[in-house]
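**Student:** Before I ask anything, here is the structure I am working with.
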Amino acid sequence: MGREIARALFWEGESVMDVIRNALPYLMDGLVVTLYIFVIALILGFIIGLIVALLRLAPIKLLNWIAKTYINAIRGTPFIVQLFFIYFGLNTIPWISMDKTTAGIVTVAINAGAYFAEIIRAGIQSIDSGQTEAARSLGLTGSQTMRYVVLPQAFRRMLPTFTNQSIISLKDTSLLSIIGIADLTQRGQIQQAATYESFKIWLTVGIIYFIIIYALTLLANFLERRFELR
Amino acid sequence: MSIIQVKNLKKSFGNLEVLKDISTEIQETEVVCVIGPSGSGKSTFLRCLNRLEEITDGEVIVNGHIISSKTVNINKVREEVGMVFQQFNLFPHKTVLENIVLAPMKVRLTNKEAAKQRAYELLDKVGLREKADSYPAQLSGGQKQRVAIARALAMDPKIMLFDEPTSALDPEMVGDVLDVMKQLAKEGMTMVVVTHEMGFAREVGDRVMFMDGGYVVEENVPEEIFSNPQHIRTQSFLSKVL
């Protein structure tokens, strides 16, 4: 029984190796697209997150409110709805015209930015107020204190949660295939349609995602050890 | 001309009035020790002198700046007023040397070499030159506090504020820190010290302020305060701690 299933999945039709060999170059081009979107969106998302976290903590009510509204709006809606709103919705405005890739990057960045903002805020607030007092008592300004004393310590503390959100964002990019971006997932669909080898193609696509995310985890572990709080 | 003038200082946290009406003057090179039971407002008083606590009412003039005024550039004032905390508050992500050179380099824009050289001089002074490249976590409590003093001195302050500098230390570490403070006092530093070390207050203080319930109940030279306290609350406090 087990043997029959295994035969049906792996050896019937083209062999696994043949399917992979044929599909792999095409899938790898998709991986490049996935990583390109991920890296740019991650950097933008981090910048957005940092700015929003600082707005959230600023002593001005209006800025707090703007930051909170943004975070709540993003956390309270599904990623796919945000994607459709940005790509289809915003593109109906006459002076906005985004191509698919731009819309994809913007969506991932804005989505990750909201989560990063909360991670960064929590990190900043976890730093003992004595640190700020010591820095301020030496004559450092508020922004110098943030830059040289609070943020370097906060970033170290944030690294594990930051890694977690980065992995979620990487996986979110697979949803961009819905608006036709030729990423890894989209190319998996095309290969599957061409070969009807669903099991082998999706297994391959899954393994590629897994390898990338596992490498990302190892990188994060290395950074955590490297910047361990002394 | 006194370097610190406090007139009718009041400080409230919400509805809780912590400092009720404090007036005093501190002269240059004077060492003033502030004693009193916990909750008497002595730390809050100290923190009002560099405006780590916002001043609710009254006037505080430090080193010629009216720091109770909203328009004063408080960062400029703080450059000349060092502070040492009960919990040390060293920056854990920086080495001892980096802790000391940070403010001179970023605030005074001293170049790195000059800042380092000064840092080594100060580490010699507190007896910790060999710890320059250690991280705070690798130091004992007493060593941390001596580094914190060196860090404050790196800005060449005119006034040093000490907020219970030995309260978080193991008993055998207290002496090293007090020795550094005595040396500073001898060199003519103006010091305001909130402390439970009655021996230090008696030996090093030029004046002792006894605070209770948000007021300065009594202030005098140490001999008078310790051997001939006038106020009943001073008497009862001293009978418990001496």
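Here, A, B, ... name the chains of the structure tokens in the order displayed, residue numbers run from 1 inside each chain, and ligands are numbered from 1 in the same displayed order.
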For range 83-88 of chain A, please output as a PyMOL selection string all residues within 12 Å (counting only C-alpha atoms; exclusion window: fewer than 6 positions along the same chain).
**Tutor:** chain A and resi 74+77+96-111+172-181
**Student:** Keeping N, CA and C atoms, export the residues of the selection given above as a PDB file, in the first residue's frame.
**Tutor:**
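Final output, out.pdb:
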```pdb
ATOM      1  N   ILE A  74      -3.688  48.242   9.605  1.00  0.00           N
ATOM      2  CA  ILE A  74      -2.955  47.144   8.978  1.00  0.00           C
ATOM      3  C   ILE A  74      -3.206  45.832   9.726  1.00  0.00           C
ATOM      4  N   THR A  77      -6.802  44.180   9.067  1.00  0.00           N
ATOM      5  CA  THR A  77      -7.270  43.765   7.741  1.00  0.00           C
ATOM      6  C   THR A  77      -6.354  42.681   7.177  1.00  0.00           C
ATOM      7  N   ILE A  96      -2.134  58.067  -9.965  1.00  0.00           N
ATOM      8  CA  ILE A  96      -1.323  56.963  -9.444  1.00  0.00           C
ATOM      9  C   ILE A  96      -1.290  55.861 -10.489  1.00  0.00           C
ATOM     10  N   SER A  97      -0.064  55.425 -10.827  1.00  0.00           N
ATOM     11  CA  SER A  97      -0.009  54.235 -11.661  1.00  0.00           C
ATOM     12  C   SER A  97       1.174  53.389 -11.226  1.00  0.00           C
ATOM     13  N   MET A  98       0.841  52.294 -10.527  1.00  0.00           N
ATOM     14  CA  MET A  98       1.879  51.390 -10.015  1.00  0.00           C
ATOM     15  C   MET A  98       1.872  50.123 -10.842  1.00  0.00           C
ATOM     16  N   ASP A  99       3.085  49.670 -11.178  1.00  0.00           N
ATOM     17  CA  ASP A  99       3.110  48.349 -11.810  1.00  0.00           C
ATOM     18  C   ASP A  99       2.970  47.282 -10.725  1.00  0.00           C
ATOM     19  N   LYS A 100       2.855  46.023 -11.158  1.00  0.00           N
ATOM     20  CA  LYS A 100       2.601  44.940 -10.210  1.00  0.00           C
ATOM     21  C   LYS A 100       3.677  44.850  -9.141  1.00  0.00           C
ATOM     22  N   THR A 101       4.943  44.907  -9.600  1.00  0.00           N
ATOM     23  CA  THR A 101       6.042  44.711  -8.654  1.00  0.00           C
ATOM     24  C   THR A 101       6.068  45.821  -7.603  1.00  0.00           C
ATOM     25  N   THR A 102       5.885  47.073  -8.073  1.00  0.00           N
ATOM     26  CA  THR A 102       5.868  48.187  -7.127  1.00  0.00           C
ATOM     27  C   THR A 102       4.748  47.999  -6.114  1.00  0.00           C
ATOM     28  N   ALA A 103       3.546  47.671  -6.613  1.00  0.00           N
ATOM     29  CA  ALA A 103       2.416  47.479  -5.710  1.00  0.00           C
ATOM     30  C   ALA A 103       2.719  46.365  -4.710  1.00  0.00           C
ATOM     31  N   GLY A 104       3.369  45.300  -5.180  1.00  0.00           N
ATOM     32  CA  GLY A 104       3.717  44.180  -4.310  1.00  0.00           C
ATOM     33  C   GLY A 104       4.686  44.610  -3.219  1.00  0.00           C
ATOM     34  N   ILE A 105       5.738  45.332  -3.631  1.00  0.00           N
ATOM     35  CA  ILE A 105       6.735  45.796  -2.656  1.00  0.00           C
ATOM     36  C   ILE A 105       6.073  46.728  -1.637  1.00  0.00           C
ATOM     37  N   VAL A 106       5.262  47.667  -2.143  1.00  0.00           N
ATOM     38  CA  VAL A 106       4.607  48.639  -1.257  1.00  0.00           C
ATOM     39  C   VAL A 106       3.722  47.914  -0.241  1.00  0.00           C
ATOM     40  N   THR A 107       2.965  46.922  -0.727  1.00  0.00           N
ATOM     41  CA  THR A 107       2.063  46.214   0.199  1.00  0.00           C
ATOM     42  C   THR A 107       2.836  45.477   1.286  1.00  0.00           C
ATOM     43  N   VAL A 108       3.860  44.735   0.877  1.00  0.00           N
ATOM     44  CA  VAL A 108       4.633  43.982   1.877  1.00  0.00           C
ATOM     45  C   VAL A 108       5.298  44.957   2.863  1.00  0.00           C
ATOM     46  N   ALA A 109       5.825  46.072   2.335  1.00  0.00           N
ATOM     47  CA  ALA A 109       6.517  47.035   3.200  1.00  0.00           C
ATOM     48  C   ALA A 109       5.562  47.675   4.196  1.00  0.00           C
ATOM     49  N   ILE A 110       4.400  48.108   3.701  1.00  0.00           N
ATOM     50  CA  ILE A 110       3.436  48.762   4.588  1.00  0.00           C
ATOM     51  C   ILE A 110       2.901  47.782   5.625  1.00  0.00           C
ATOM     52  N   ASN A 111       2.695  46.537   5.187  1.00  0.00           N
ATOM     53  CA  ASN A 111       2.209  45.515   6.108  1.00  0.00           C
ATOM     54  C   ASN A 111       3.251  45.204   7.183  1.00  0.00           C
ATOM     55  N   ASP A 172       4.571  35.919   3.074  1.00  0.00           N
ATOM     56  CA  ASP A 172       3.492  36.742   2.510  1.00  0.00           C
ATOM     57  C   ASP A 172       3.736  37.071   1.032  1.00  0.00           C
ATOM     58  N   THR A 173       5.009  37.152   0.624  1.00  0.00           N
ATOM     59  CA  THR A 173       5.265  37.494  -0.788  1.00  0.00           C
ATOM     60  C   THR A 173       4.666  36.463  -1.726  1.00  0.00           C
ATOM     61  N   SER A 174       4.443  35.237  -1.225  1.00  0.00           N
ATOM     62  CA  SER A 174       3.872  34.215  -2.117  1.00  0.00           C
ATOM     63  C   SER A 174       2.457  34.606  -2.551  1.00  0.00           C
ATOM     64  N   LEU A 175       1.783  35.444  -1.749  1.00  0.00           N
ATOM     65  CA  LEU A 175       0.430  35.887  -2.112  1.00  0.00           C
ATOM     66  C   LEU A 175       0.447  36.869  -3.281  1.00  0.00           C
ATOM     67  N   LEU A 176       1.625  37.455  -3.561  1.00  0.00           N
ATOM     68  CA  LEU A 176       1.714  38.415  -4.663  1.00  0.00           C
ATOM     69  C   LEU A 176       1.490  37.719  -6.003  1.00  0.00           C
ATOM     70  N   SER A 177       1.604  36.391  -6.012  1.00  0.00           N
ATOM     71  CA  SER A 177       1.361  35.658  -7.270  1.00  0.00           C
ATOM     72  C   SER A 177      -0.066  35.903  -7.761  1.00  0.00           C
ATOM     73  N   ILE A 178      -0.967  36.251  -6.835  1.00  0.00           N
ATOM     74  CA  ILE A 178      -2.369  36.461  -7.210  1.00  0.00           C
ATOM     75  C   ILE A 178      -2.539  37.642  -8.165  1.00  0.00           C
ATOM     76  N   ILE A 179      -1.696  38.687  -8.018  1.00  0.00           N
ATOM     77  CA  ILE A 179      -1.834  39.800  -8.970  1.00  0.00           C
ATOM     78  C   ILE A 179      -0.893  39.617 -10.161  1.00  0.00           C
ATOM     79  N   GLY A 180      -0.321  38.403 -10.278  1.00  0.00           N
ATOM     80  CA  GLY A 180       0.410  38.086 -11.497  1.00  0.00           C
ATOM     81  C   GLY A 180       1.896  38.354 -11.462  1.00  0.00           C
ATOM     82  N   ILE A 181       2.454  38.564 -10.266  1.00  0.00           N
ATOM     83  CA  ILE A 181       3.904  38.716 -10.188  1.00  0.00           C
ATOM     84  C   ILE A 181       4.544  37.342 -10.347  1.00  0.00           C
TER      85      ILE A 181
END
```
**Student:** Using only C-alpha atoms, which protein or nucleic acid residues come within 12 Å of Lys106 in chain B? Drop anything in the same chain fewer than 5 positions from it, and give the result as a list of chain:residue names.
**Tutor:** A:Ala135, A:Leu138, A:Gly139, A:Leu140, A:Thr141, A:Ser143, A:Gln144, A:Thr145, A:Arg147, A:Tyr148, A:Val149, B:Glu79, B:Glu98, B:Asn99, B:Ile100, B:Val101, B:Asn111, B:Lys112, B:Ala115, B:Met155
**Student:** Could you produce a table of the residues of chain B lying within 9 Å of chain A, with the nearest pair of atoms per residue and their separation in Å rounded to one decimal, using only C-alpha atoms, ordered by chain and increasing residue number, as a Markdown table?
**Tutor:**
```
| residue | atom | partner | partner_atom | distance |
| --- | --- | --- | --- | --- |
| B:Asn50 | CA | A:Ser137 | CA | 7.2 |
| B:Arg51 | CA | A:Ser137 | CA | 8.9 |
| B:Leu52 | CA | A:Glu133 | CA | 7.0 |
| B:Ile74 | CA | A:Gly139 | CA | 8.0 |
| B:Asn75 | CA | A:Gly139 | CA | 4.6 |
| B:Lys76 | CA | A:Gly139 | CA | 6.4 |
| B:Val77 | CA | A:Gly139 | CA | 7.5 |
| B:Arg78 | CA | A:Gly139 | CA | 4.9 |
| B:Glu79 | CA | A:Gly139 | CA | 4.6 |
| B:Glu80 | CA | A:Gly139 | CA | 8.2 |
| B:Val81 | CA | A:Ser137 | CA | 7.5 |
| B:Gly82 | CA | A:Leu138 | CA | 6.5 |
| B:Met83 | CA | A:Ser137 | CA | 6.3 |
| B:Val84 | CA | A:Ala134 | CA | 8.0 |
| B:Phe85 | CA | A:Ala134 | CA | 7.9 |
| B:Gln87 | CA | A:Gly130 | CA | 7.8 |
| B:Phe88 | CA | A:Gly130 | CA | 8.5 |
| B:Asn89 | CA | A:Gln131 | CA | 5.6 |
| B:Leu90 | CA | A:Gln131 | CA | 7.3 |
| B:Phe91 | CA | A:Gln131 | CA | 6.8 |
| B:Pro92 | CA | A:Arg230 | CA | 6.4 |
| B:His93 | CA | A:Arg230 | CA | 6.4 |
| B:Lys94 | CA | A:Arg230 | CA | 8.8 |
| B:Leu102 | CA | A:Tyr148 | CA | 8.5 |
| B:Ala103 | CA | A:Leu138 | CA | 6.2 |
| B:Pro104 | CA | A:Leu138 | CA | 8.8 |
| B:Lys106 | CA | A:Leu140 | CA | 7.4 |
| B:Val107 | CA | A:Leu140 | CA | 6.1 |
| B:Tyr135 | CA | A:Arg230 | CA | 6.8 |
| B:Pro136 | CA | A:Arg230 | CA | 7.9 |
| B:Ala137 | CA | A:Arg230 | CA | 6.2 |
| B:Gln138 | CA | A:Arg230 | CA | 8.3 |
| B:Arg151 | CA | A:Leu138 | CA | 8.5 |
| B:Ala152 | CA | A:Leu138 | CA | 6.7 |
| B:Met155 | CA | A:Leu138 | CA | 7.4 |
```
**Student:** Which of range 14-231 of chain B end up as alpha helix (DSSP H) when DSSP is run on this backbone - answer as a PDB file with C-alpha atoms, in the first residue's frame?
**Tutor:**
```pdb
ATOM      1  CA  LYS B  42      15.432  63.821  49.161  1.00  0.00           C
ATOM      2  CA  SER B  43      15.987  62.043  45.822  1.00  0.00           C
ATOM      3  CA  THR B  44      13.274  64.139  44.185  1.00  0.00           C
ATOM      4  CA  PHE B  45      14.957  67.280  45.499  1.00  0.00           C
ATOM      5  CA  LEU B  46      18.271  66.165  43.996  1.00  0.00           C
ATOM      6  CA  ARG B  47      16.648  65.305  40.652  1.00  0.00           C
ATOM      7  CA  CYS B  48      15.090  68.767  40.496  1.00  0.00           C
ATOM      8  CA  ILE B  74      18.642  72.286  29.933  1.00  0.00           C
ATOM      9  CA  ASN B  75      21.181  70.223  27.967  1.00  0.00           C
ATOM     10  CA  LYS B  76      23.718  73.033  28.290  1.00  0.00           C
ATOM     11  CA  VAL B  77      23.144  73.177  32.048  1.00  0.00           C
ATOM     12  CA  ARG B  78      23.464  69.406  32.428  1.00  0.00           C
ATOM     13  CA  GLU B  79      26.873  69.435  30.735  1.00  0.00           C
ATOM     14  CA  VAL B  96      34.088  51.188  30.218  1.00  0.00           C
ATOM     15  CA  LEU B  97      36.145  53.453  27.973  1.00  0.00           C
ATOM     16  CA  GLU B  98      33.250  53.962  25.527  1.00  0.00           C
ATOM     17  CA  ASN B  99      30.952  54.797  28.434  1.00  0.00           C
ATOM     18  CA  ILE B 100      33.314  57.568  29.491  1.00  0.00           C
ATOM     19  CA  VAL B 101      34.111  59.095  26.080  1.00  0.00           C
ATOM     20  CA  LEU B 102      30.526  59.109  24.733  1.00  0.00           C
ATOM     21  CA  ALA B 103      29.377  62.435  26.164  1.00  0.00           C
ATOM     22  CA  PRO B 104      32.640  64.362  25.642  1.00  0.00           C
ATOM     23  CA  MET B 105      32.705  63.237  21.997  1.00  0.00           C
ATOM     24  CA  LYS B 106      29.023  63.722  21.160  1.00  0.00           C
ATOM     25  CA  LYS B 112      38.631  60.776  20.055  1.00  0.00           C
ATOM     26  CA  GLU B 113      42.266  60.800  21.127  1.00  0.00           C
ATOM     27  CA  ALA B 114      41.834  63.652  23.603  1.00  0.00           C
ATOM     28  CA  ALA B 115      38.670  62.081  24.998  1.00  0.00           C
ATOM     29  CA  LYS B 116      40.429  58.733  25.439  1.00  0.00           C
ATOM     30  CA  GLN B 117      43.405  60.316  27.128  1.00  0.00           C
ATOM     31  CA  ARG B 118      41.144  62.121  29.574  1.00  0.00           C
ATOM     32  CA  ALA B 119      39.209  58.881  30.158  1.00  0.00           C
ATOM     33  CA  TYR B 120      42.422  57.053  31.097  1.00  0.00           C
ATOM     34  CA  GLU B 121      43.354  59.845  33.520  1.00  0.00           C
ATOM     35  CA  LEU B 122      39.952  59.521  35.168  1.00  0.00           C
ATOM     36  CA  LEU B 123      40.217  55.731  35.300  1.00  0.00           C
ATOM     37  CA  ASP B 124      43.568  56.149  37.054  1.00  0.00           C
ATOM     38  CA  LYS B 125      41.879  58.458  39.492  1.00  0.00           C
ATOM     39  CA  GLY B 141      29.057  46.921  41.917  1.00  0.00           C
ATOM     40  CA  GLY B 142      31.749  49.078  43.464  1.00  0.00           C
ATOM     41  CA  GLN B 143      33.731  49.120  40.233  1.00  0.00           C
ATOM     42  CA  LYS B 144      30.612  50.036  38.254  1.00  0.00           C
ATOM     43  CA  GLN B 145      29.918  52.967  40.535  1.00  0.00           C
ATOM     44  CA  ARG B 146      33.494  54.218  40.246  1.00  0.00           C
ATOM     45  CA  VAL B 147      33.220  54.034  36.449  1.00  0.00           C
ATOM     46  CA  ALA B 148      29.941  55.959  36.688  1.00  0.00           C
ATOM     47  CA  ILE B 149      31.739  58.658  38.671  1.00  0.00           C
ATOM     48  CA  ALA B 150      34.526  58.782  36.074  1.00  0.00           C
ATOM     49  CA  ARG B 151      31.908  59.033  33.317  1.00  0.00           C
ATOM     50  CA  ALA B 152      30.298  62.030  35.010  1.00  0.00           C
ATOM     51  CA  LEU B 153      33.683  63.670  35.644  1.00  0.00           C
ATOM     52  CA  PRO B 171      29.176  46.448  52.322  1.00  0.00           C
ATOM     53  CA  GLU B 172      32.794  45.696  51.426  1.00  0.00           C
ATOM     54  CA  MET B 173      32.480  47.749  48.213  1.00  0.00           C
ATOM     55  CA  VAL B 174      31.189  50.890  49.890  1.00  0.00           C
ATOM     56  CA  GLY B 175      34.606  52.057  51.121  1.00  0.00           C
ATOM     57  CA  ASP B 176      36.197  52.263  47.641  1.00  0.00           C
ATOM     58  CA  VAL B 177      33.388  54.434  46.339  1.00  0.00           C
ATOM     59  CA  LEU B 178      33.382  56.699  49.385  1.00  0.00           C
ATOM     60  CA  ASP B 179      37.155  57.120  49.074  1.00  0.00           C
ATOM     61  CA  VAL B 180      36.764  58.423  45.524  1.00  0.00           C
ATOM     62  CA  MET B 181      34.061  60.814  46.713  1.00  0.00           C
ATOM     63  CA  LYS B 182      36.211  62.035  49.594  1.00  0.00           C
ATOM     64  CA  GLN B 183      39.047  62.709  47.177  1.00  0.00           C
ATOM     65  CA  LEU B 184      36.676  64.736  44.973  1.00  0.00           C
ATOM     66  CA  ALA B 185      35.483  66.743  47.948  1.00  0.00           C
ATOM     67  CA  LYS B 186      39.084  67.447  48.931  1.00  0.00           C
ATOM     68  CA  MET B 198      26.038  58.917  58.270  1.00  0.00           C
ATOM     69  CA  GLY B 199      29.775  58.410  58.738  1.00  0.00           C
ATOM     70  CA  PHE B 200      30.469  59.993  55.369  1.00  0.00           C
ATOM     71  CA  ALA B 201      28.072  62.885  56.043  1.00  0.00           C
ATOM     72  CA  ARG B 202      29.771  63.571  59.362  1.00  0.00           C
ATOM     73  CA  GLU B 203      33.309  63.291  58.036  1.00  0.00           C
ATOM     74  CA  VAL B 204      33.100  64.881  54.583  1.00  0.00           C
ATOM     75  CA  PRO B 222      27.447  67.930  60.740  1.00  0.00           C
ATOM     76  CA  GLU B 223      28.620  68.136  64.364  1.00  0.00           C
ATOM     77  CA  GLU B 224      25.559  70.130  65.350  1.00  0.00           C
ATOM     78  CA  ILE B 225      23.103  67.917  63.458  1.00  0.00           C
ATOM     79  CA  PHE B 226      24.539  64.672  64.793  1.00  0.00           C
ATOM     80  CA  SER B 227      25.390  65.636  68.376  1.00  0.00           C
TER      81      SER B 227
END
```
**Student:** In Å, how far is it from CA of Val72 in chain B to CA of Ser2 in chain B?
**Tutor:**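 Those two atoms sit 19.1 Å apart.
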**Student:** Which residues, written as a PyMOL selection string, have at least one atom at most 9 Å from Phe38 in chain A, with only C-alpha atoms counted and residues fewer than 2 positions away on the same chain left out?
**Tutor:** chain A and resi 33-36+40-43+105+108-109+166+169-170+173
**Student:** Could you check the closest approach to Phe116 in chain A for each of A:Ile20, A:Ala182, A:Ile5, A:Leu159 and tell me which residue wins, using only C-alpha atoms?
**Tutor:**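 Checking each candidate against Phe116 in chain A, we get A:Leu159 as the closest.
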**Student:** Can you work out the spacing between CA of Pro229 in chain B and CA of Gly213 in chain B in Å, to one decimal?
**Tutor:** 17.4 Å
